[in-house]
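Visitor: Take this structure first; my questions come after.
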Amino acid sequence: MSRPAPDVQELEPGTVVLSAVIGIVLAAGGFVVGIGATGVASGTTAFWYLSRGSGFAAYVLLWGSVTWGLLLSTGIGRAWSRPPQLLDVHQFLSAAGAGFAVFHGLVLMGDRYLAFPLHAVLVPFAGRYEPLLVAFGQIAFWLAVMLIASFYVRRQIGGRTWRRLHYAGFAAFWLAFFHALLLGTDRATVWARLILFTTAAPVIFLTLHRILSTRTLSYMIAGTESTTTPSPPHARPGR
């Protein structure tokens, strides 16, 4: 009798694409950092342009993740797709944004003008160039990494804790927003401000919608409970 074949867990298409995106981003980052370290491209501004482009890509992906999460939590996005699929897209955007953020920071190690060492790329306030504004982006990145990791320990920490932890996503988005708005050579350009403010507007709207809808639901539940709770029996008058 032949032995049964072992169970093989098939990778979902989203997982394959996610792994490919992160792998390509990290490989490309290592390539350009290696070029900068060897001095082959000494004097070029290519690293600065690559960092700027990947930084805006990371910001847009983070915005997409936060917006998608708000569409899921408010119930608006459920008219387009099922919640599990929405959650997969939310997770994919988060991880892809983190990958581009890694590229955004690592490329600066190859730039001869700024000369960011590795610890200044990874540790907030460790660099000399605009430490506060740079730290905004670094803290946003580490918050995003924490939220990505929370997807894999959701069962261990529980759904309530996992949802509360995701409030950090709002902090990550706004830190990245001000990092891009106040730092860099593109901050005064029309196209950069257009990207930043057109992405911030939906986040503000959906956040207010969620807050107001949650309060309305709480008032409705409280009103229902007050009308359905039986009143205590009246005491009999004394004879």
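In the structure tokens, each chain is lettered A, B, ... as it comes, each chain's residues begin at 1, and ligands are numbered from 1 in order of appearance.
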Which residues are close to segment 92-99 of chain A, i.e. within 6 Å by only C-alpha atoms, leaving aside same-chain residues fewer than 6 positions away? Reply as a PDB file with C-alpha atoms, in the first residue's frame.
Guide:
ATOM      1  CA  ILE A  22       9.381  42.900  -0.427  1.00  0.00           C
ATOM      2  CA  ALA A  58       5.833  54.229   0.806  1.00  0.00           C
ATOM      3  CA  LEU A  61       0.936  52.693   0.202  1.00  0.00           C
ATOM      4  CA  LEU A  62       0.617  53.544   3.907  1.00  0.00           C
ATOM      5  CA  SER A  65      -3.540  50.716   4.034  1.00  0.00           C
TER       6      SER A  65
END
Visitor: Write out as a VMD selection string the residues lying within 12 Å of Ala192 of chain A, counting only C-alpha atoms and excluding same-chain residues fewer than 2 positions away.
Guide: chain A and resid 52 to 53 55 to 57 59 to 60 177 180 to 190 194 to 199
Visitor: Go ahead and dump the residues you just picked, N, CA and C atoms, as a PDB file, in the first residue's frame.
Guide:
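Written out: part.pdb:
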ATOM      1  N   ARG A  52      13.760  59.834  -2.593  1.00  0.00           N
ATOM      2  CA  ARG A  52      12.555  60.667  -2.673  1.00  0.00           C
ATOM      3  C   ARG A  52      11.403  59.901  -3.306  1.00  0.00           C
ATOM      4  N   GLY A  53      11.678  59.223  -4.432  1.00  0.00           N
ATOM      5  CA  GLY A  53      10.615  58.487  -5.110  1.00  0.00           C
ATOM      6  C   GLY A  53      10.064  57.348  -4.278  1.00  0.00           C
ATOM      7  N   GLY A  55      10.206  57.108  -1.081  1.00  0.00           N
ATOM      8  CA  GLY A  55       9.540  57.661   0.103  1.00  0.00           C
ATOM      9  C   GLY A  55       8.092  58.007  -0.182  1.00  0.00           C
ATOM     10  N   PHE A  56       7.837  58.641  -1.322  1.00  0.00           N
ATOM     11  CA  PHE A  56       6.459  58.956  -1.671  1.00  0.00           C
ATOM     12  C   PHE A  56       5.662  57.691  -1.980  1.00  0.00           C
ATOM     13  N   ALA A  57       6.313  56.695  -2.573  1.00  0.00           N
ATOM     14  CA  ALA A  57       5.626  55.425  -2.810  1.00  0.00           C
ATOM     15  C   ALA A  57       5.225  54.768  -1.493  1.00  0.00           C
ATOM     16  N   TYR A  59       4.690  56.309   1.334  1.00  0.00           N
ATOM     17  CA  TYR A  59       3.624  57.114   1.938  1.00  0.00           C
ATOM     18  C   TYR A  59       2.270  56.784   1.312  1.00  0.00           C
ATOM     19  N   VAL A  60       2.218  56.683  -0.013  1.00  0.00           N
ATOM     20  CA  VAL A  60       0.944  56.396  -0.692  1.00  0.00           C
ATOM     21  C   VAL A  60       0.445  55.005  -0.315  1.00  0.00           C
ATOM     22  N   PHE A 177       2.924  61.768   7.218  1.00  0.00           N
ATOM     23  CA  PHE A 177       2.415  62.946   6.519  1.00  0.00           C
ATOM     24  C   PHE A 177       3.280  64.173   6.823  1.00  0.00           C
ATOM     25  N   ALA A 180       6.815  63.995   5.362  1.00  0.00           N
ATOM     26  CA  ALA A 180       6.885  64.363   3.950  1.00  0.00           C
ATOM     27  C   ALA A 180       6.580  65.833   3.716  1.00  0.00           C
ATOM     28  N   LEU A 181       5.704  66.400   4.550  1.00  0.00           N
ATOM     29  CA  LEU A 181       5.289  67.791   4.357  1.00  0.00           C
ATOM     30  C   LEU A 181       6.381  68.780   4.744  1.00  0.00           C
ATOM     31  N   LEU A 182       7.164  68.457   5.772  1.00  0.00           N
ATOM     32  CA  LEU A 182       8.113  69.420   6.333  1.00  0.00           C
ATOM     33  C   LEU A 182       9.567  69.132   5.993  1.00  0.00           C
ATOM     34  N   LEU A 183       9.837  67.977   5.360  1.00  0.00           N
ATOM     35  CA  LEU A 183      11.223  67.589   5.120  1.00  0.00           C
ATOM     36  C   LEU A 183      11.423  67.269   3.640  1.00  0.00           C
ATOM     37  N   GLY A 184      12.572  67.611   3.128  1.00  0.00           N
ATOM     38  CA  GLY A 184      12.916  67.249   1.763  1.00  0.00           C
ATOM     39  C   GLY A 184      12.756  68.404   0.790  1.00  0.00           C
ATOM     40  N   THR A 185      13.367  68.237  -0.372  1.00  0.00           N
ATOM     41  CA  THR A 185      13.360  69.302  -1.379  1.00  0.00           C
ATOM     42  C   THR A 185      12.047  69.391  -2.130  1.00  0.00           C
ATOM     43  N   ASP A 186      11.185  68.395  -1.989  1.00  0.00           N
ATOM     44  CA  ASP A 186       9.921  68.391  -2.726  1.00  0.00           C
ATOM     45  C   ASP A 186       8.775  69.022  -1.953  1.00  0.00           C
ATOM     46  N   ARG A 187       9.009  69.380  -0.712  1.00  0.00           N
ATOM     47  CA  ARG A 187       7.900  69.800   0.145  1.00  0.00           C
ATOM     48  C   ARG A 187       7.202  71.059  -0.360  1.00  0.00           C
ATOM     49  N   ALA A 188       7.898  71.904  -1.124  1.00  0.00           N
ATOM     50  CA  ALA A 188       7.315  73.164  -1.588  1.00  0.00           C
ATOM     51  C   ALA A 188       6.719  73.054  -2.990  1.00  0.00           C
ATOM     52  N   THR A 189       6.842  71.891  -3.622  1.00  0.00           N
ATOM     53  CA  THR A 189       6.326  71.746  -4.985  1.00  0.00           C
ATOM     54  C   THR A 189       4.819  71.530  -4.965  1.00  0.00           C
ATOM     55  N   VAL A 190       4.195  71.884  -6.068  1.00  0.00           N
ATOM     56  CA  VAL A 190       2.738  71.767  -6.156  1.00  0.00           C
ATOM     57  C   VAL A 190       2.312  70.300  -6.155  1.00  0.00           C
ATOM     58  N   LEU A 194      -0.101  68.483  -3.494  1.00  0.00           N
ATOM     59  CA  LEU A 194      -1.345  67.918  -4.012  1.00  0.00           C
ATOM     60  C   LEU A 194      -1.521  66.481  -3.557  1.00  0.00           C
ATOM     61  N   ILE A 195      -0.438  65.697  -3.626  1.00  0.00           N
ATOM     62  CA  ILE A 195      -0.501  64.306  -3.162  1.00  0.00           C
ATOM     63  C   ILE A 195      -0.810  64.247  -1.675  1.00  0.00           C
ATOM     64  N   LEU A 196      -0.133  65.058  -0.894  1.00  0.00           N
ATOM     65  CA  LEU A 196      -0.275  64.997   0.557  1.00  0.00           C
ATOM     66  C   LEU A 196      -1.677  65.394   1.009  1.00  0.00           C
ATOM     67  N   PHE A 197      -2.186  66.499   0.485  1.00  0.00           N
ATOM     68  CA  PHE A 197      -3.480  66.989   0.973  1.00  0.00           C
ATOM     69  C   PHE A 197      -4.662  66.207   0.391  1.00  0.00           C
ATOM     70  N   THR A 198      -4.515  65.676  -0.823  1.00  0.00           N
ATOM     71  CA  THR A 198      -5.602  64.859  -1.373  1.00  0.00           C
ATOM     72  C   THR A 198      -5.666  63.486  -0.716  1.00  0.00           C
ATOM     73  N   THR A 199      -4.577  63.034  -0.131  1.00  0.00           N
ATOM     74  CA  THR A 199      -4.614  61.773   0.622  1.00  0.00           C
ATOM     75  C   THR A 199      -5.060  61.991   2.066  1.00  0.00           C
TER      76      THR A 199
END
Visitor: Excluding segment 123-135 of chain A and its own-chain neighbours fewer than 2 positions away, which residues fall within 10 Å of it when counting only C-alpha atoms? Please give them as an mmCIF file with N, CA and C atoms, in the first residue's frame.
Guide:
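Wrote part.cif, looks like this:
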data_model
loop_
_atom_site.group_PDB
_atom_site.id
_atom_site.type_symbol
_atom_site.label_atom_id
_atom_site.label_comp_id
_atom_site.auth_asym_id
_atom_site.auth_seq_id
_atom_site.Cartn_x
_atom_site.Cartn_y
_atom_site.Cartn_z
ATOM 1 N N LEU A 114 24.539 63.368 2.215
ATOM 2 C CA LEU A 114 23.994 63.180 3.561
ATOM 3 C C LEU A 114 24.779 62.142 4.351
ATOM 4 N N ALA A 115 25.196 61.063 3.673
ATOM 5 C CA ALA A 115 26.002 60.017 4.303
ATOM 6 C C ALA A 115 25.341 59.472 5.566
ATOM 7 N N PHE A 116 24.143 58.907 5.422
ATOM 8 C CA PHE A 116 23.437 58.321 6.551
ATOM 9 C C PHE A 116 24.056 56.964 6.887
ATOM 10 N N PRO A 117 24.587 56.771 8.089
ATOM 11 C CA PRO A 117 25.006 55.425 8.494
ATOM 12 C C PRO A 117 23.780 54.575 8.840
ATOM 13 N N LEU A 118 24.014 53.278 8.999
ATOM 14 C CA LEU A 118 22.898 52.363 9.217
ATOM 15 C C LEU A 118 22.133 52.699 10.487
ATOM 16 N N HIS A 119 22.829 53.019 11.570
ATOM 17 C CA HIS A 119 22.128 53.302 12.825
ATOM 18 C C HIS A 119 21.288 54.570 12.715
ATOM 19 N N ALA A 120 21.720 55.540 11.896
ATOM 20 C CA ALA A 120 20.937 56.762 11.710
ATOM 21 C C ALA A 120 19.706 56.510 10.863
ATOM 22 N N VAL A 121 19.753 55.460 10.036
ATOM 23 C CA VAL A 121 18.591 55.090 9.226
ATOM 24 C C VAL A 121 17.540 54.390 10.085
ATOM 25 N N GLY A 137 9.409 60.033 10.359
ATOM 26 C CA GLY A 137 9.324 58.932 9.403
ATOM 27 C C GLY A 137 9.782 57.614 9.998
ATOM 28 N N GLN A 138 10.834 57.644 10.826
ATOM 29 C CA GLN A 138 11.341 56.409 11.424
ATOM 30 C C GLN A 138 10.328 55.796 12.388
ATOM 31 N N ILE A 139 9.708 56.626 13.205
ATOM 32 C CA ILE A 139 8.706 56.120 14.149
ATOM 33 C C ILE A 139 7.501 55.590 13.390
ATOM 34 N N ALA A 140 7.105 56.276 12.322
ATOM 35 C CA ALA A 140 5.995 55.789 11.490
ATOM 36 C C ALA A 140 6.328 54.413 10.927
ATOM 37 N N PHE A 141 7.562 54.218 10.500
ATOM 38 C CA PHE A 141 7.972 52.924 9.951
ATOM 39 C C PHE A 141 7.887 51.825 11.005
ATOM 40 N N TRP A 142 8.411 52.074 12.202
ATOM 41 C CA TRP A 142 8.397 51.038 13.234
ATOM 42 C C TRP A 142 6.986 50.737 13.722
ATOM 43 N N LEU A 175 2.363 60.856 11.241
ATOM 44 C CA LEU A 175 3.798 61.086 11.359
ATOM 45 C C LEU A 175 4.462 61.078 9.984
ATOM 46 N N ALA A 176 4.059 60.130 9.137
ATOM 47 C CA ALA A 176 4.591 60.088 7.779
ATOM 48 C C ALA A 176 4.149 61.306 6.981
ATOM 49 N N PHE A 178 3.547 64.426 8.101
ATOM 50 C CA PHE A 178 4.343 65.595 8.466
ATOM 51 C C PHE A 178 5.820 65.404 8.114
ATOM 52 N N HIS A 179 6.275 64.172 8.101
ATOM 53 C CA HIS A 179 7.640 63.887 7.651
ATOM 54 C C HIS A 179 7.805 64.311 6.191
ATOM 55 N N ALA A 180 6.815 63.995 5.362
ATOM 56 C CA ALA A 180 6.885 64.363 3.950
ATOM 57 C C ALA A 180 6.580 65.833 3.716
ATOM 58 N N LEU A 181 5.704 66.400 4.550
ATOM 59 C CA LEU A 181 5.289 67.791 4.357
ATOM 60 C C LEU A 181 6.381 68.780 4.744
ATOM 61 N N LEU A 182 7.164 68.457 5.772
ATOM 62 C CA LEU A 182 8.113 69.420 6.333
ATOM 63 C C LEU A 182 9.567 69.132 5.993
ATOM 64 N N LEU A 183 9.837 67.977 5.360
ATOM 65 C CA LEU A 183 11.223 67.589 5.120
ATOM 66 C C LEU A 183 11.423 67.269 3.640
ATOM 67 N N GLY A 184 12.572 67.611 3.128
ATOM 68 C CA GLY A 184 12.916 67.249 1.763
ATOM 69 C C GLY A 184 12.756 68.404 0.790
#
Visitor: Write out as a ChimeraX atom specification the residues lying within 12 Å of His90 of chain A, counting only C-alpha atoms and excluding same-chain residues fewer than 3 positions away.
Guide: /A:14,18,61-73,77,83-87,93-97,144,147-148,151,166,169
Visitor: Between atom CA of Val145 of chain A and atom CA of Gln91 of chain A, what is the distance in Å, rounded to a tenth?
Guide: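 Value for the atom CA of Val145 of chain A-atom CA of Gln91 of chain A distance: 11.1 Å.
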Visitor: Could you tell me, as a ChimeraX atom specification, which residues of segment 89-201 of chain A DSSP assigns to helix (DSSP H, G or I) when given the backbone?
Guide: /A:89-110,118-122,131-157,159-165,168-182,190-201
Visitor: Calculate how many Å separate atom CA of Arg163 of chain A from atom CA of Ala201 of chain A, rounding to one decimal.
Guide: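 Between atom CA of Arg163 of chain A and atom CA of Ala201 of chain A the gap works out to 22.9 Å.
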